[in-house]
file protein_1.cif (mmCIF, C-alpha atoms)
data_protein
#
loop_
_atom_site.label_atom_id
_atom_site.label_comp_id
_atom_site.auth_asym_id
_atom_site.auth_seq_id
_atom_site.Cartn_x
_atom_site.Cartn_y
_atom_site.Cartn_z
CA MET A 183 -64.56 -43.22 27.98
CA LEU A 184 -65.27 -41.03 31.01
CA ASN A 185 -67.10 -41.96 34.18
CA PRO A 186 -69.56 -39.49 35.74
CA SER A 187 -66.99 -38.20 38.24
CA GLN A 188 -64.53 -37.39 35.45
CA ALA A 189 -67.29 -35.78 33.40
CA ALA A 190 -68.46 -33.65 36.33
CA VAL A 191 -65.39 -31.40 36.15
CA LEU A 192 -66.33 -30.32 32.60
CA GLU A 193 -68.84 -27.65 31.67
CA GLN A 194 -72.39 -29.06 31.60
CA SER A 195 -74.20 -27.80 28.49
CA GLY A 196 -77.61 -29.42 28.66
CA GLU A 197 -79.67 -32.52 29.22
CA TYR A 198 -81.84 -34.31 26.68
CA ASP A 199 -84.01 -37.37 26.46
CA VAL A 200 -82.29 -38.40 23.23
CA VAL A 201 -78.99 -37.16 21.84
CA VAL A 202 -78.23 -38.19 18.26
CA VAL A 203 -74.57 -37.84 17.33
CA GLY A 204 -74.30 -37.29 13.59
CA GLY A 205 -76.84 -35.58 11.34
CA GLY A 206 -76.62 -37.71 8.21
CA PRO A 207 -79.49 -39.79 6.78
CA ALA A 208 -79.39 -42.14 9.79
CA GLY A 209 -79.14 -39.30 12.28
CA VAL A 210 -81.95 -37.14 10.93
CA ALA A 211 -84.29 -40.12 10.71
CA ALA A 212 -83.47 -41.08 14.30
CA ALA A 213 -83.87 -37.56 15.64
CA PHE A 214 -87.05 -36.71 13.74
CA SER A 215 -88.61 -40.01 14.81
CA ALA A 216 -87.77 -39.49 18.49
CA ALA A 217 -88.84 -35.84 18.49
CA ARG A 218 -92.16 -36.61 16.82
CA MET A 219 -92.80 -39.12 19.59
CA GLY A 220 -92.36 -36.43 22.21
CA ALA A 221 -88.75 -36.96 23.27
CA ARG A 222 -86.64 -33.86 23.83
CA THR A 223 -84.04 -34.46 21.14
CA LEU A 224 -80.74 -32.94 20.03
CA ILE A 225 -78.60 -33.60 16.95
CA VAL A 226 -74.86 -32.99 17.40
CA GLU A 227 -73.34 -32.36 13.96
CA GLN A 228 -69.75 -31.53 13.03
CA PHE A 229 -70.64 -29.66 9.82
CA ASN A 230 -73.00 -26.73 9.22
CA CYS A 231 -75.91 -28.73 7.84
CA LEU A 232 -77.92 -31.90 8.13
CA GLY A 233 -77.79 -34.63 5.49
CA GLY A 234 -74.29 -36.06 5.83
CA VAL A 235 -72.97 -37.43 2.57
CA ALA A 236 -76.14 -36.22 0.80
CA THR A 237 -75.23 -32.60 1.54
CA ALA A 238 -71.83 -32.02 3.15
CA GLY A 239 -70.61 -34.94 1.05
CA GLY A 240 -72.03 -33.57 -2.21
CA HIS A 241 -73.93 -36.75 -3.15
CA GLY A 242 -77.18 -35.39 -4.59
CA HIS A 243 -78.64 -38.80 -5.34
CA ILE A 244 -80.35 -41.26 -2.99
CA CYS A 245 -81.44 -44.79 -3.88
CA LEU A 246 -83.05 -47.34 -3.57
CA TYR A 247 -86.50 -46.84 -2.11
CA SER A 248 -87.76 -49.72 -4.23
CA ALA A 249 -87.06 -53.41 -4.57
CA TRP A 250 -84.04 -54.04 -6.81
CA GLY A 251 -84.85 -53.69 -10.53
CA SER A 252 -88.45 -52.81 -9.70
CA LYS A 253 -90.75 -49.86 -9.06
CA THR A 254 -92.20 -51.55 -5.97
CA GLN A 255 -91.60 -49.20 -3.03
CA VAL A 256 -90.10 -50.90 0.04
CA VAL A 257 -88.79 -47.86 1.98
CA GLY A 258 -91.07 -45.22 3.49
CA GLY A 259 -90.81 -43.10 6.61
CA VAL A 260 -88.34 -40.24 6.93
CA PRO A 261 -86.07 -41.39 4.04
CA PHE A 262 -88.94 -41.21 1.54
CA GLU A 263 -90.28 -38.03 3.15
CA MET A 264 -86.94 -36.36 2.40
CA ALA A 265 -87.34 -37.21 -1.30
CA ARG A 266 -90.89 -35.88 -1.39
CA ARG A 267 -90.11 -32.71 0.51
CA VAL A 268 -87.03 -31.71 -1.51
CA THR A 269 -89.04 -32.20 -4.71
CA GLU A 270 -92.03 -30.23 -3.43
CA ALA A 271 -89.65 -27.40 -2.52
CA GLY A 272 -88.45 -27.27 -6.13
CA TYR A 273 -84.96 -28.64 -5.59
CA GLY A 274 -85.18 -32.10 -7.15
CA HIS A 275 -87.33 -34.91 -8.43
CA TYR A 276 -88.16 -38.40 -7.17
CA ASN A 277 -90.02 -41.60 -7.86
CA THR A 278 -90.55 -44.83 -5.93
CA SER A 279 -86.92 -45.83 -6.61
CA GLN A 280 -84.71 -42.77 -6.17
CA THR A 281 -84.34 -39.03 -5.81
CA ASP A 282 -81.92 -36.61 -7.45
CA PHE A 283 -81.62 -33.16 -5.91
CA GLU A 284 -79.63 -29.99 -5.39
CA VAL A 285 -77.59 -30.45 -2.23
CA GLU A 286 -78.10 -26.82 -1.13
CA GLY A 287 -81.85 -27.27 -1.35
CA MET A 288 -81.69 -30.45 0.71
CA LYS A 289 -79.83 -28.57 3.44
CA LEU A 290 -82.69 -26.07 3.66
CA VAL A 291 -85.39 -28.73 3.63
CA LEU A 292 -83.78 -30.71 6.45
CA ASP A 293 -83.41 -27.56 8.57
CA GLN A 294 -87.12 -26.96 8.06
CA MET A 295 -88.05 -30.53 8.98
CA ALA A 296 -86.00 -30.30 12.17
CA GLU A 297 -87.73 -27.07 13.15
CA GLU A 298 -91.17 -28.50 12.44
CA CYS A 299 -90.67 -31.49 14.73
CA GLY A 300 -89.01 -29.50 17.51
CA CYS A 301 -85.60 -31.13 17.23
CA ASP A 302 -82.72 -29.04 18.56
CA LEU A 303 -79.55 -28.73 16.46
CA LEU A 304 -75.95 -28.08 17.46
CA TYR A 305 -73.80 -27.48 14.38
CA HIS A 306 -70.03 -26.96 14.24
CA THR A 307 -69.66 -29.40 17.11
CA PHE A 308 -67.41 -32.46 17.35
CA PHE A 309 -68.04 -35.53 19.44
CA CYS A 310 -65.06 -36.18 21.77
CA ASP A 311 -65.94 -38.91 24.25
CA THR A 312 -68.68 -40.96 25.86
CA VAL A 313 -69.78 -40.77 29.49
CA VAL A 314 -70.50 -44.26 30.84
CA ASP A 315 -71.87 -45.23 34.25
CA SER A 316 -72.02 -48.96 35.11
CA SER A 317 -72.13 -50.01 31.43
CA LYS A 318 -74.80 -47.41 30.65
CA VAL A 319 -74.17 -44.45 28.38
CA VAL A 320 -75.36 -41.33 30.20
CA GLY A 321 -73.89 -38.53 28.10
CA VAL A 322 -71.44 -37.35 25.48
CA VAL A 323 -68.50 -34.96 25.57
CA VAL A 324 -68.42 -32.44 22.74
CA GLN A 325 -66.07 -29.70 21.55
CA ASN A 326 -66.97 -26.52 19.68
CA LYS A 327 -66.18 -22.80 19.64
CA THR A 328 -67.80 -22.45 23.06
CA GLY A 329 -65.40 -25.00 24.52
CA ARG A 330 -65.50 -28.58 25.76
CA SER A 331 -68.63 -29.68 27.59
CA VAL A 332 -70.84 -32.59 28.58
CA ILE A 333 -74.34 -33.10 27.23
CA GLN A 334 -76.27 -35.43 29.50
CA ALA A 335 -78.53 -37.90 27.74
CA LYS A 336 -81.02 -40.52 28.80
CA ARG A 337 -80.53 -42.26 25.46
CA VAL A 338 -77.86 -41.81 22.77
CA VAL A 339 -78.00 -42.80 19.11
CA ASP A 340 -74.61 -43.22 17.42
CA ALA A 341 -75.18 -42.05 13.85
CA THR A 342 -71.57 -41.03 13.26
CA GLY A 343 -71.11 -43.62 10.52
CA ASP A 344 -67.82 -44.58 12.12
CA GLY A 345 -69.27 -45.86 15.40
CA ASP A 346 -67.34 -43.21 17.31
CA VAL A 347 -69.70 -43.05 20.29
CA ALA A 348 -69.89 -46.83 20.62
CA ALA A 349 -66.13 -47.27 20.28
CA HIS A 350 -65.48 -44.68 22.99
CA ALA A 351 -68.02 -46.47 25.18
CA GLY A 352 -65.96 -49.65 24.94
CA CYS A 353 -68.07 -51.52 22.42
CA ALA A 354 -66.32 -54.23 20.42
CA PHE A 355 -66.12 -53.71 16.66
CA GLU A 356 -64.58 -54.92 13.41
CA LYS A 357 -63.20 -53.09 10.40
CA GLY A 358 -62.71 -54.20 6.81
CA ASN A 359 -62.55 -57.57 5.10
CA GLU A 360 -60.55 -60.64 6.11
CA ALA A 361 -57.33 -58.78 5.28
CA GLY A 362 -58.43 -55.70 7.21
CA ASN A 363 -58.85 -53.62 4.04
CA MET A 364 -61.82 -51.29 3.75
CA GLN A 365 -63.65 -49.99 0.72
CA PRO A 366 -62.11 -46.88 -0.86
CA VAL A 367 -63.29 -43.37 -0.12
CA THR A 368 -64.57 -41.00 -2.79
CA MET A 369 -64.49 -37.24 -3.23
CA MET A 370 -67.72 -36.34 -5.01
CA PHE A 371 -67.87 -33.24 -7.19
CA THR A 372 -70.32 -31.26 -9.30
CA ILE A 373 -69.66 -29.99 -12.80
CA GLY A 374 -71.48 -27.47 -14.99
CA GLY A 375 -71.55 -26.73 -18.70
CA VAL A 376 -72.82 -30.22 -19.57
CA ASP A 377 -75.05 -31.09 -22.54
CA TRP A 378 -76.79 -33.95 -20.75
CA LYS A 379 -78.72 -35.14 -23.82
CA ARG A 380 -75.52 -35.66 -25.81
CA VAL A 381 -73.87 -37.37 -22.83
CA CYS A 382 -76.76 -39.82 -22.57
CA GLU A 383 -76.67 -40.50 -26.31
CA PHE A 384 -72.94 -41.21 -26.13
CA ARG A 385 -73.35 -43.48 -23.15
CA SER A 386 -76.21 -45.38 -24.81
CA SER A 387 -74.12 -45.97 -27.92
CA PHE A 388 -71.99 -48.45 -25.96
CA GLY A 389 -74.95 -50.70 -25.16
CA ALA A 390 -76.56 -51.70 -21.89
CA GLY A 391 -73.60 -53.81 -20.79
CA ALA A 392 -71.05 -51.01 -21.14
CA TYR A 393 -72.86 -47.98 -19.72
CA LYS A 394 -70.04 -47.47 -17.20
CA LEU A 395 -67.77 -46.66 -20.19
CA GLN A 396 -64.91 -48.91 -19.15
CA ASP A 397 -63.43 -48.78 -22.67
CA VAL A 398 -63.32 -44.98 -22.60
CA TRP A 399 -61.32 -44.83 -19.38
CA LYS A 400 -59.00 -47.59 -20.59
CA GLN A 401 -58.30 -45.59 -23.73
CA ALA A 402 -57.60 -42.46 -21.67
CA GLN A 403 -55.17 -44.40 -19.49
CA ASP A 404 -53.51 -46.08 -22.47
CA ASN A 405 -53.01 -42.63 -24.00
CA GLY A 406 -51.41 -41.31 -20.82
CA ASP A 407 -54.29 -38.90 -20.14
CA MET A 408 -55.52 -40.52 -16.91
CA ARG A 409 -53.97 -42.18 -13.88
CA PRO A 410 -55.43 -45.63 -13.09
CA TYR A 411 -57.47 -44.60 -10.04
CA GLN A 412 -60.74 -45.66 -11.67
CA ASN A 413 -61.98 -47.85 -14.51
CA GLN A 414 -65.75 -47.24 -14.55
CA ILE A 415 -68.43 -44.66 -13.76
CA MET A 416 -69.79 -45.10 -10.25
CA GLY A 417 -72.48 -42.50 -10.75
CA TRP A 418 -73.47 -39.47 -12.82
CA TRP A 419 -76.38 -37.73 -11.09
CA TRP A 420 -78.61 -35.28 -12.97
CA THR A 421 -81.65 -33.28 -11.87
CA PRO A 422 -83.88 -31.23 -14.21
CA THR A 423 -83.79 -28.28 -11.80
CA ARG A 424 -80.16 -27.72 -12.87
CA PRO A 425 -80.14 -29.12 -16.43
CA ASP A 426 -76.50 -28.34 -17.30
CA GLN A 427 -75.05 -29.72 -14.06
CA VAL A 428 -74.00 -33.26 -13.15
CA GLY A 429 -72.97 -34.73 -9.81
CA VAL A 430 -70.05 -37.11 -10.22
CA ASN A 431 -69.18 -40.24 -8.24
CA PHE A 432 -65.93 -41.35 -9.85
CA THR A 433 -62.83 -40.86 -7.72
CA HIS A 434 -61.29 -43.65 -5.62
CA VAL A 435 -58.69 -43.44 -2.84
CA ASN A 436 -57.72 -46.86 -1.50
CA TYR A 437 -56.07 -47.91 1.76
CA THR A 438 -57.83 -45.23 3.78
CA ASP A 439 -58.87 -45.74 7.40
CA ALA A 440 -61.35 -42.92 7.88
CA THR A 441 -61.12 -43.20 11.67
CA ARG A 442 -57.63 -41.65 11.36
CA ALA A 443 -57.27 -37.91 10.70
CA GLU A 444 -53.98 -38.50 8.87
CA ASP A 445 -55.66 -40.86 6.41
CA LEU A 446 -58.60 -38.50 5.92
CA THR A 447 -56.23 -35.64 5.16
CA ARG A 448 -54.24 -37.66 2.63
CA ALA A 449 -57.42 -38.97 0.99
CA THR A 450 -58.99 -35.52 0.78
CA ILE A 451 -55.94 -34.06 -0.97
CA GLU A 452 -55.69 -36.98 -3.39
CA GLY A 453 -59.46 -37.04 -3.96
CA ARG A 454 -59.60 -33.38 -4.86
CA LYS A 455 -56.66 -33.86 -7.24
CA GLN A 456 -58.53 -36.72 -8.93
CA CYS A 457 -61.64 -34.52 -9.29
CA PHE A 458 -59.81 -31.90 -11.34
CA GLU A 459 -57.93 -34.52 -13.35
CA THR A 460 -61.23 -36.25 -14.13
CA ILE A 461 -62.69 -33.05 -15.58
CA GLU A 462 -59.79 -32.85 -18.03
CA VAL A 463 -60.48 -36.45 -19.08
CA TYR A 464 -64.20 -35.78 -19.51
CA ARG A 465 -63.53 -32.73 -21.67
CA LYS A 466 -61.37 -34.78 -24.02
CA TYR A 467 -63.25 -38.10 -24.13
CA VAL A 468 -66.98 -37.52 -23.45
CA PRO A 469 -69.16 -35.77 -26.06
CA GLY A 470 -71.39 -33.28 -24.26
CA MET A 471 -68.74 -32.54 -21.66
CA GLU A 472 -66.26 -30.67 -23.88
CA GLU A 473 -66.94 -27.41 -22.02
CA CYS A 474 -67.59 -28.80 -18.55
CA TYR A 475 -66.10 -27.04 -15.54
CA MET A 476 -65.82 -27.48 -11.80
CA ILE A 477 -68.67 -26.08 -9.72
CA SER A 478 -67.82 -27.55 -6.33
CA THR A 479 -66.12 -30.21 -4.30
CA PRO A 480 -67.81 -31.00 -0.97
CA ASN A 481 -66.87 -30.33 2.65
CA THR A 482 -66.11 -33.96 3.34
CA ILE A 483 -65.02 -37.06 1.52
CA GLY A 484 -67.46 -39.94 1.07
CA ILE A 485 -66.71 -42.90 3.35
CA ARG A 486 -68.06 -46.37 2.63
CA GLU A 487 -66.71 -48.42 5.50
CA THR A 488 -65.05 -48.13 8.89
CA ARG A 489 -66.17 -49.68 12.20
CA ARG A 490 -68.95 -52.23 12.43
CA ILE A 491 -70.15 -52.52 16.02
CA HIS A 492 -70.80 -55.94 17.56
CA GLY A 493 -74.52 -56.17 18.21
CA GLU A 494 -77.11 -58.60 19.49
CA TYR A 495 -77.28 -59.99 15.95
CA THR A 496 -74.84 -59.73 13.06
CA LEU A 497 -76.38 -59.42 9.60
CA THR A 498 -74.49 -61.59 7.10
CA ARG A 499 -74.13 -61.90 3.36
CA ASP A 500 -76.25 -65.04 3.53
CA ASP A 501 -79.04 -63.12 5.26
CA VAL A 502 -78.98 -60.62 2.42
CA VAL A 503 -78.64 -63.02 -0.51
CA GLU A 504 -81.27 -65.41 0.87
CA HIS A 505 -83.51 -62.41 1.70
CA ARG A 506 -84.28 -63.72 5.16
CA ASP A 507 -87.21 -62.45 7.17
CA PHE A 508 -86.90 -61.45 10.82
CA ALA A 509 -89.48 -61.28 13.60
CA ASP A 510 -87.93 -57.99 14.72
CA SER A 511 -88.01 -56.41 11.25
CA ILE A 512 -87.68 -52.63 11.23
CA GLY A 513 -87.65 -52.21 7.46
CA TYR A 514 -86.15 -53.36 4.19
CA GLY A 515 -82.89 -53.33 2.31
CA SER A 516 -82.86 -53.85 -1.45
CA PHE A 517 -79.54 -52.61 -2.80
CA PHE A 518 -77.08 -54.95 -4.47
CA ILE A 519 -73.98 -56.01 -2.54
CA ASP A 520 -71.96 -53.01 -3.68
CA ILE A 521 -68.31 -53.49 -2.71
CA HIS A 522 -65.82 -51.15 -4.35
CA GLY A 523 -62.35 -52.54 -4.91
CA THR A 524 -60.46 -52.61 -1.61
CA SER A 525 -57.04 -52.66 -3.30
CA GLY A 526 -57.58 -50.95 -6.65
CA PRO A 527 -60.09 -49.34 -9.04
CA GLY A 528 -63.52 -50.65 -9.94
CA MET A 529 -65.58 -53.21 -8.08
CA ASP A 530 -64.56 -56.05 -5.77
CA ASN A 531 -65.15 -59.61 -6.94
CA LYS A 532 -67.51 -60.13 -3.98
CA THR A 533 -69.98 -57.67 -5.49
CA TRP A 534 -73.34 -59.37 -6.11
CA ARG A 535 -76.23 -58.17 -8.27
CA PRO A 536 -79.58 -59.69 -7.32
CA PRO A 537 -82.61 -60.61 -9.42
CA ALA A 538 -85.42 -58.12 -10.02
CA GLY A 539 -87.75 -57.69 -7.07
CA PHE A 540 -85.05 -58.47 -4.51
CA ARG A 541 -85.50 -57.18 -0.95
CA TYR A 542 -84.73 -58.41 2.55
CA GLN A 543 -85.66 -57.43 6.09
CA LEU A 544 -83.45 -55.59 8.56
CA PRO A 545 -83.61 -56.79 12.20
CA TYR A 546 -83.68 -54.34 15.10
CA ARG A 547 -80.99 -56.33 16.93
CA ILE A 548 -78.22 -55.15 14.59
CA CYS A 549 -78.71 -51.66 16.08
CA VAL A 550 -78.29 -52.84 19.68
CA PRO A 551 -74.66 -53.02 20.93
CA SER A 552 -73.91 -56.16 22.89
CA ASP A 553 -71.69 -54.34 25.41
CA VAL A 554 -73.55 -51.32 26.81
CA ASP A 555 -77.06 -49.99 27.46
CA ASN A 556 -78.82 -46.70 26.67
CA LEU A 557 -77.01 -46.66 23.30
CA LEU A 558 -78.20 -47.58 19.83
CA VAL A 559 -76.22 -47.49 16.58
CA ALA A 560 -77.63 -46.53 13.20
CA GLY A 561 -76.28 -46.37 9.66
CA ARG A 562 -73.22 -48.11 8.29
CA CYS A 563 -71.75 -48.79 11.77
CA VAL A 564 -74.41 -51.37 12.68
CA SER A 565 -73.63 -55.03 13.37
CA CYS A 566 -73.01 -56.75 10.03
CA ASP A 567 -70.26 -58.46 8.10
CA HIS A 568 -68.13 -56.82 5.41
CA GLU A 569 -70.25 -58.11 2.55
CA ALA A 570 -73.66 -57.34 4.06
CA LEU A 571 -72.39 -53.82 4.63
CA GLY A 572 -72.06 -53.47 0.86
CA SER A 573 -75.85 -53.48 0.68
CA ILE A 574 -77.06 -51.77 3.86
CA ARG A 575 -74.60 -48.83 3.83
CA VAL A 576 -76.63 -46.79 1.31
CA MET A 577 -78.68 -43.81 2.45
CA PRO A 578 -82.27 -45.16 2.42
CA GLN A 579 -81.24 -48.11 4.56
CA CYS A 580 -79.24 -45.85 6.89
CA GLY A 581 -82.45 -43.87 7.30
CA VAL A 582 -84.50 -47.01 7.96
CA LEU A 583 -82.08 -48.03 10.71
CA GLY A 584 -82.00 -44.53 12.15
CA GLN A 585 -85.76 -44.14 12.28
CA ALA A 586 -86.07 -47.39 14.20
CA CYS A 587 -83.40 -46.28 16.67
CA GLY A 588 -85.13 -42.98 17.30
CA ALA A 589 -88.47 -44.65 17.88
CA ALA A 590 -86.91 -47.31 20.12
CA ALA A 591 -85.12 -44.67 22.18
CA ALA A 592 -88.37 -42.80 22.77
CA LEU A 593 -90.29 -45.98 23.58
CA SER A 594 -87.65 -47.19 26.02
CA LEU A 595 -88.02 -43.94 27.95
CA ARG A 596 -91.79 -44.35 28.10
CA ALA A 597 -91.43 -47.93 29.31
CA ASN A 598 -88.49 -47.16 31.61
CA CYS A 599 -86.51 -50.01 30.10
CA ALA A 600 -83.24 -50.45 28.23
CA PRO A 601 -83.51 -50.04 24.45
CA ARG A 602 -82.65 -53.73 24.02
CA ALA A 603 -85.77 -54.59 26.06
CA VAL A 604 -88.25 -52.57 24.00
CA GLU A 605 -91.29 -54.64 23.04
CA ILE A 606 -90.83 -55.37 19.32
CA ALA A 607 -94.53 -55.28 18.52
CA THR A 608 -94.78 -51.83 20.12
CA LEU A 609 -91.76 -50.61 18.16
CA GLN A 610 -93.17 -51.94 14.91
CA ALA A 611 -96.53 -50.27 15.58
CA ALA A 612 -94.77 -46.96 16.22
CA LEU A 613 -92.81 -47.27 12.98
CA ARG A 614 -95.92 -48.09 10.97
CA ALA A 615 -97.54 -44.98 12.44
CA GLN A 616 -94.62 -43.07 10.88
CA ASP A 617 -95.28 -44.63 7.44
CA CYS A 618 -92.42 -47.12 7.61
CA ILE A 619 -92.59 -50.35 5.60
CA LEU A 620 -91.78 -53.45 7.65
CA ASP A 621 -93.32 -56.48 5.94
CA GLU A 622 -95.08 -57.69 2.81
CA SER A 623 -98.47 -56.37 3.95
CA ASP A 624 -96.94 -52.91 4.32
CA ILE A 625 -95.42 -53.21 0.84
CA ALA A 626 -98.83 -54.07 -0.61
CA LYS A 627 -100.42 -51.11 1.18
CA ALA A 628 -97.70 -48.65 0.12
CA ASN A 629 -97.99 -49.71 -3.52
CA SER A 630 -101.78 -49.88 -3.78
CA ALA A 631 -103.55 -47.51 -6.14
CA ASP A 632 -105.02 -45.50 -3.26
CA ALA A 633 -101.80 -45.32 -1.19
#
call {"tool": "encode", "arguments": {"input": "protein_1.cif", "output": "structure tokens"}}
result
Amino acid sequence: MLNPSQAAVLEQSGEYDVVVVGGGPAGVAAAFSAARMGARTLIVEQFNCLGGVATAGGHGHICLYSAWGSKTQVVGGVPFEMARRVTEAGYGHYNTSQTDFEVEGMKLVLDQMAEECGCDLLYHTFFCDTVVDSSKVVGVVVQNKTGRSVIQAKRVVDATGDGDVAAHAGCAFEKGNEAGNMQPVTMMFTIGGVDWKRVCEFRSSFGAGAYKLQDVWKQAQDNGDMRPYQNQIMGWWWTPTRPDQVGVNFTHVNYTDATRAEDLTRATIEGRKQCFETIEVYRKYVPGMEECYMISTPNTIGIRETRRIHGEYTLTRDDVVEHRDFADSIGYGSFFIDIHGTSGPGMDNKTWRPPAGFRYQLPYRICVPSDVDNLLVAGRCVSCDHEALGSIRVMPQCGVLGQACGAAAALSLRANCAPRAVEIATLQAALRAQDCILDESDIAKANSADA
């Protein structure tokens, strides 16, 4: 944390109404929302593209936009716009539940969306520190090829995933479960040379209860053909625009604290090794993948959990399971409590799969740090417990949280108030104007025949 006097000795590289740190699903939703409401907005992004894990992370699949086990749409706004736009551009397909897409096409689409709404971008730039004046965030310190500099900001949205901005501002946070262990990280990868029809037939032959092919991976391990880093498919993503390619979510690297560069380095090396080993297993054990080959591993490893910032409200497992409603609702979550094993392969025993139609509201207060002003947090670093995070960490919900933060930042500037003091009814009206879905009446409208 720097105070204004300390920051003044650094190069000053601009001033914005809203600076969004991190250009993943939460960050783009925040920035596009704020920019469309007239705020001069900048995204600071460490990679060379927007989209976060969806692009730089190689995860060409986003879900759920719908209630669990249902086609009822419960997520709109920027997250659903991304699905529509990437499909219209010819790089994927979508429905009311999910989208599968080519990651390179998504990069292009998000660049176009940023340009259309007048949002400035600063790629190849790392966040370094937060500038704080009397418990108010007033800027961020960044590092890039140009050098180290300060970007002054009237409002900042922390969409880093790891809560980097908030942590450097002195915000309290938690990490992991009761033992301090976090969910494993995953190196995604894309393979080609796949006969997808045969793969689906093989997978279906095991029955609905065994579609993750646990018996196949056990056999491979028993035969000495696979190390025990995984015991089930976490995701095979296919899009008809690239019919012989499959995106793979399979690798697991445990005991990784992704706020430490040393851990990220170790996990990246191990994750990439697992990717190539997995291809050898697929060739030998999965009909339709006998000739598969590596197309790409991504720029960054996929991170499920690090810091969770203390906010004005902490979303809990009970809130999720009991699908509680909130007066300050900013949107819906609907994903199962998806907790990957914190000490080994597969899923944690605290994983919970809900009944069909399940959804729950997300309160604005989980985005508002309890310690400082002029700062909002969006994405998986919001205020929640370890188990609630298992549901809200997925990309549509990160986007829901981000869009609310962007709108709240812009509204707080109009009202000349702290983001925590934004009138909730005004925020909700602004979000509805951006096609967000906040309550049951919005769900009914979004799913009507003439929607």
call {"tool": "resolve_selection", "arguments": {"input": "protein_1.cif", "expression": "the PyMOL selection byres ((chain A and resi 620) around 8)", "output": "ChimeraX atom specification"}}
result
/A:511-514,543,610,614,618-619,621-622,624-625
call {"tool": "atom_distance", "arguments": {"input": "protein_1.cif", "atom1": "atom CA of Ser187 of chain A", "atom2": "atom CA of Lys318 of chain A"}}
result
14.3 Å
call {"tool": "closest_residue", "arguments": {"input": "protein_1.cif", "among": "A:Arg490, A:Arg442, A:Arg448, A:His434", "to": "Met369 of chain A", "atoms": "all atoms listed in the file"}}
result
A:His434
call {"tool": "closest_residue", "arguments": {"input": "protein_1.cif", "among": "A:Ser248, A:Thr450, A:Thr368, A:Gln403", "to": "Phe432 of chain A", "atoms": "only C-alpha atoms"}}
result
A:Thr368
call {"tool": "resolve_selection", "arguments": {"input": "protein_1.cif", "expression": "the PyMOL selection byres ((chain A and resi 257) around 12)", "output": "PyMOL selection string"}}
result
chain A and resi 244-250+253-256+258-265+277-280+512-517+541-544+577-583+585+613-614+616-622+624-625+628-629
call {"tool": "atom_distance", "arguments": {"input": "protein_1.cif", "atom1": "atom CA of His275 of chain A", "atom2": "atom CA of Asp520 of chain A"}}
result
24.2 Å
call {"tool": "atom_distance", "arguments": {"input": "protein_1.cif", "atom1": "atom CA of Ala348 of chain A", "atom2": "atom CA of Asp553 of chain A"}}
result
9.1 Å
call {"tool": "build_atoms", "arguments": {"input": "protein_1.cif", "residues": "segment 277-288 of chain A", "atoms": "N, CA and C atoms", "output": "PDB file, keeping the file's coordinate frame"}}
result
ATOM      1  N   ASN A 277     -89.009 -40.597  -7.570  1.00  0.00           N
ATOM      2  CA  ASN A 277     -90.020 -41.600  -7.860  1.00  0.00           C
ATOM      3  C   ASN A 277     -89.932 -42.664  -6.775  1.00  0.00           C
ATOM      4  N   THR A 278     -90.553 -43.802  -6.979  1.00  0.00           N
ATOM      5  CA  THR A 278     -90.550 -44.830  -5.930  1.00  0.00           C
ATOM      6  C   THR A 278     -89.196 -45.515  -5.795  1.00  0.00           C
ATOM      7  N   SER A 279     -88.243 -45.197  -6.670  1.00  0.00           N
ATOM      8  CA  SER A 279     -86.920 -45.830  -6.610  1.00  0.00           C
ATOM      9  C   SER A 279     -85.833 -44.911  -6.076  1.00  0.00           C
ATOM     10  N   GLN A 280     -85.856 -43.616  -6.456  1.00  0.00           N
ATOM     11  CA  GLN A 280     -84.710 -42.770  -6.170  1.00  0.00           C
ATOM     12  C   GLN A 280     -85.103 -41.301  -6.171  1.00  0.00           C
ATOM     13  N   THR A 281     -84.188 -40.474  -5.696  1.00  0.00           N
ATOM     14  CA  THR A 281     -84.340 -39.030  -5.810  1.00  0.00           C
ATOM     15  C   THR A 281     -83.003 -38.417  -6.212  1.00  0.00           C
ATOM     16  N   ASP A 282     -83.071 -37.424  -7.082  1.00  0.00           N
ATOM     17  CA  ASP A 282     -81.920 -36.610  -7.450  1.00  0.00           C
ATOM     18  C   ASP A 282     -82.245 -35.172  -7.078  1.00  0.00           C
ATOM     19  N   PHE A 283     -81.290 -34.449  -6.508  1.00  0.00           N
ATOM     20  CA  PHE A 283     -81.620 -33.160  -5.910  1.00  0.00           C
ATOM     21  C   PHE A 283     -80.401 -32.252  -5.859  1.00  0.00           C
ATOM     22  N   GLU A 284     -80.680 -30.963  -5.647  1.00  0.00           N
ATOM     23  CA  GLU A 284     -79.630 -29.990  -5.390  1.00  0.00           C
ATOM     24  C   GLU A 284     -79.259 -30.074  -3.910  1.00  0.00           C
ATOM     25  N   VAL A 285     -77.988 -30.245  -3.624  1.00  0.00           N
ATOM     26  CA  VAL A 285     -77.590 -30.450  -2.230  1.00  0.00           C
ATOM     27  C   VAL A 285     -77.890 -29.222  -1.370  1.00  0.00           C
ATOM     28  N   GLU A 286     -77.795 -28.018  -1.929  1.00  0.00           N
ATOM     29  CA  GLU A 286     -78.100 -26.820  -1.130  1.00  0.00           C
ATOM     30  C   GLU A 286     -79.569 -26.790  -0.756  1.00  0.00           C
ATOM     31  N   GLY A 287     -80.430 -27.216  -1.662  1.00  0.00           N
ATOM     32  CA  GLY A 287     -81.850 -27.270  -1.350  1.00  0.00           C
ATOM     33  C   GLY A 287     -82.163 -28.298  -0.284  1.00  0.00           C
ATOM     34  N   MET A 288     -81.473 -29.431  -0.316  1.00  0.00           N
ATOM     35  CA  MET A 288     -81.690 -30.450   0.710  1.00  0.00           C
ATOM     36  C   MET A 288     -81.289 -29.934   2.083  1.00  0.00           C
TER      37      MET A 288
END
